[in-house]
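Peer 1: Provided herewith is a single structure, encoded as structure tokens, for subsequent inquiry.
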Amino acid sequence: MRESMNRVLLDEKLYDLWKKRSEWWVRTQRVCVSGLQHIPRQGAAVLAANHINWKDIFFIGGVVPRRVSFVGTAELFDIEVCREMVERYIHEHLSFAWAHGLIRKLSDWAAHVMVTRVPYCGTIPVKRGVNDKSFFDLAKEVLRQGNLLCIFPEGGTSRPERLRRFKHGLAKIVYDLHSEGMEDIPILPTALRGTEHLYVPGRKLFFRVGTPHFIRDYILGHEKETLRLFSEKLRESVQELLDFGRRCAHAVKMEESATEPPGEFSASAA
């Protein structure tokens, strides 16, 4: 996979197949989607989303109508590291001692599927904890070509609805492109809810896209100040979307409880 770590690879047939499968999975869930009208049908744009776990990309890919180039950790390009990541996640949700062998086989299969496909779906690898110059170069090239890019500005996963501080990498990318004359790249705050749970039919999931931010509106005297301000305001917007989603989820739960037949109990109350 060394080649895929140095440039963005896209097998259109493979991506379209992956997207159809993600769309099929989304249709088995109870999904609340809003704000898709903010995503331009063509041209460079960025989805700046909170990041709960590795399943987020399947959710986003199944909801967003356009092809998306994702930024993914180098773990998704190494089969052993990927297998350990998947196995750890499954053990956290299915802690049955008798199922250890089955979980190992499932993790091996999932890791093989991801590592042999993810690099060829337009994914940009990024190494955590280092200043990865190749990541910045690849991300900027994706946007120069007029594509839709998805970045998780926290730089890692976080607890649901509890955002970490946004790193300045995304701001740096669009700041440099602004200096090249690309001033109109919309950065779309994006909020996900529900992907921390196992994907089973009927799971409640929320996906909301907010109004775009443009780096041109945050230019200050010094680059560092611009990057800090832009990142802070973008984080505030994503947090607002998450808060709105939490209120919606609560309202839906209350409505469902109110419509239950007398004498019956909800699953949460039983």
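Quick note on naming: the chains in the structure tokens go A, B, ... in the order shown, residues restart at 1 in each chain, and ligands are numbered from 1 in order of appearance.
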Check the DSSP output for the backbone and give back, as JSON, numbers by chain, the residues of region 16-265 of chain A in helix (DSSP H, G or I).

Peer 2: {"A": [16, 17, 18, 19, 20, 21, 22, 23, 24, 25, 26, 27, 36, 37, 38, 56, 57, 58, 59, 60, 61, 62, 63, 74, 75, 76, 77, 79, 80, 81, 82, 83, 84, 85, 86, 87, 88, 89, 90, 91, 92, 93, 97, 98, 99, 100, 101, 102, 103, 104, 105, 106, 107, 108, 109, 110, 111, 112, 113, 114, 115, 116, 117, 118, 119, 120, 133, 134, 135, 136, 137, 138, 139, 140, 141, 142, 143, 144, 169, 170, 171, 172, 173, 174, 175, 176, 177, 178, 179, 215, 216, 217, 218, 223, 224, 225, 226, 227, 228, 229, 230, 231, 232, 233, 234, 235, 236, 237, 238, 239, 240, 241, 242, 243, 244, 245, 246, 247, 248, 249, 250, 251, 252, 253, 254, 255, 256, 257, 258]}

Peer 1: Given only C-alpha atoms, how would the per-residue table for region 141-207 of chain A near region 77-91 of chain A read, listing every residue at most 12 Å away with its closest atom pair and distance in Å to one decimal, sorted by chain and number, as a Markdown table?

Peer 2:
```
| residue | atom | partner | partner_atom | distance |
| --- | --- | --- | --- | --- |
| A:Glu196 | CA | A:Tyr89 | CA | 9.9 |
| A:His197 | CA | A:Tyr89 | CA | 10.3 |
| A:Leu198 | CA | A:Ile90 | CA | 8.7 |
| A:Tyr199 | CA | A:Ile90 | CA | 11.5 |
```

Peer 1: Quick one: residues within 12 Å of region 116-122 of chain A, only C-alpha atoms counted, chain neighbours fewer than 3 positions away excluded, as a PyMOL selection string?

Peer 2: chain A and resi 1-19+54+57-58+61+67-79+82+109-113+125-126+138-139+141-142+147-150

Peer 1: Leaving out Lys204 (chain A) and any residue of its chain fewer than 4 positions from it, which residues lie within 9 Å of it when counting only C-alpha atoms, given as a list of chain:residue names?

Peer 2: A:Gln29, A:Arg30, A:Val31, A:Cys32, A:Arg193, A:Gly194, A:Thr195, A:Ala249

Peer 1: Name the closest residue to Glu23 (chain A) among the candidates A:Met182, A:Leu102, A:Ile60, A:Leu241; distances are taken between atoms, counting only C-alpha atoms.

Peer 2: A:Ile60

Peer 1: Name the closest residue to Arg228 (chain A) among the candidates A:Phe166, A:Gly202, A:Arg208, A:Leu188; distances are taken between atoms, counting only C-alpha atoms.

Peer 2: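 Counting only C-alpha atoms, the residue closest to Arg228 (chain A) is A:Phe166.
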
Peer 1: Got a sec: who's within 9 Å of Arg164 (chain A), counting only C-alpha atoms, leaving out chain neighbours fewer than 4 positions off, as a ChimeraX atom specification?

Peer 2: /A:50,153-159,235

Peer 1: Looking at A:Lys127, A:His100, A:Leu170, A:Arg162, which one is nearest to Lys140 (chain A), with distances taken over only C-alpha atoms?

Peer 2: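 Nearest candidate to Lys140 (chain A) out of A:Lys127, A:His100, A:Leu170, A:Arg162: A:Leu170.
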
Peer 1: Among region 75-165 of chain A, which ones does DSSP place in strand (DSSP E), written as a PyMOL selection string?

Peer 2: chain A and resi 124-126+148-151

Peer 1: Looking at only C-alpha atoms, which of A:Leu163, A:Leu227, A:Ile219, A:Val63 is the one that sits closest to Arg21 (chain A)?

Peer 2: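 For Arg21 (chain A), the nearest of the candidates is A:Val63.
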
Peer 1: So that I can check the surroundings of Arg144 (chain A), please list as a ChimeraX atom specification every protein, DNA and RNA residue that reaches within 12 Å of it, counting only C-alpha atoms and ignoring chain neighbours fewer than 4 positions away.

Peer 2: /A:43-46,137-140,148-149,173-174,176-178,180-185

Peer 1: Would you kindly return, as an MDAnalysis selection string, each protein, DNA or RNA residue with an atom no farther than 12 Å from any atom of Thr226 (chain A), considering only C-alpha atoms and excluding same-chain residues fewer than 3 positions away?

Peer 2: chainID A and resid 168 170:172 174:176 178 214:223 229:233

Peer 1: Between A:Arg246, A:Thr211, A:His51, A:Ser179, single out the one closest to Gln37 (chain A), counting only C-alpha atoms.

Peer 2: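 Checking each of A:Arg246, A:Thr211, A:His51, A:Ser179 against Gln37 (chain A), counting only C-alpha atoms, the winner is A:Thr211.
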